[in-house]
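Input: a single structure, listed below in structure tokens.
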Amino acid sequence: MSTKKPRKPWRVIITGPDVRAESAHTSENAAYTLIRAALGGDSPAEKARVEQWEGGRWWHFETVNAEDVP
């Protein structure tokens with residue numbers, strides 16, 4: 001396992017019935033832009049797990065539920 005900081009230190013994992021997608025981002029803002037798009041509207045996705053690379057590993061930053069997205 002590499003402890004070198006990745007070029008995109010934010011990761012979003014979208015899940016729901018028959019949904020699992022992972023995407024890397026350069027900023028927190030970019031990660032949350034994807035979350036708003038992926039969990040909004042009629043999307044089958046139910047939640048997004050946000051992770052941040054820090055101190056040589058991925059850390060759970062936040063879990064966002066679809067019902068919390070306007």
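Ligands are numbered from 1 in the order shown, chains are lettered A, B, ... in the order of the structure tokens, and residues start at 1 in each chain.
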Q.
Which residues are close to Ala30 of chain A, i.e. within 12 Å by only C-alpha atoms, leaving aside same-chain residues fewer than 2 positions away? Reply as a list in words.
A.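 In the requested format, the answer is Lys8, Pro9, Trp10, Arg11, Val12, Ser23, Ala24, His25, Thr26, Ser27, Glu28, Tyr32, Thr33, Leu34, Ile35, Arg36, Ala37 and Val50 of chain A.
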Q) Got a sec: who's within 9 Å of Thr63 of chain A, counting only C-alpha atoms, leaving out chain neighbours fewer than 2 positions off, as a ChimeraX atom specification? A) /A:47-51,60-61,65
Q: Between A:Ala21, A:Ile14, A:Lys4, A:Ala31, single out the one closest to Gln52 of chain A, counting only C-alpha atoms.
A: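 Among the listed residues, the smallest separation from Gln52 of chain A belongs to A:Ala31.
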Q) Counting only C-alpha atoms, which of A:Glu67, A:Pro17, A:Arg57, A:Glu62 gets nearest to Gly40 of chain A? A) A:Glu67
Q: If you run DSSP over the backbone, which residues in segment 2-67 of chain A end up helix (DSSP H, G or I)? Put them as a VMD selection string.
A: chain A and resid 28 to 39 66 to 67
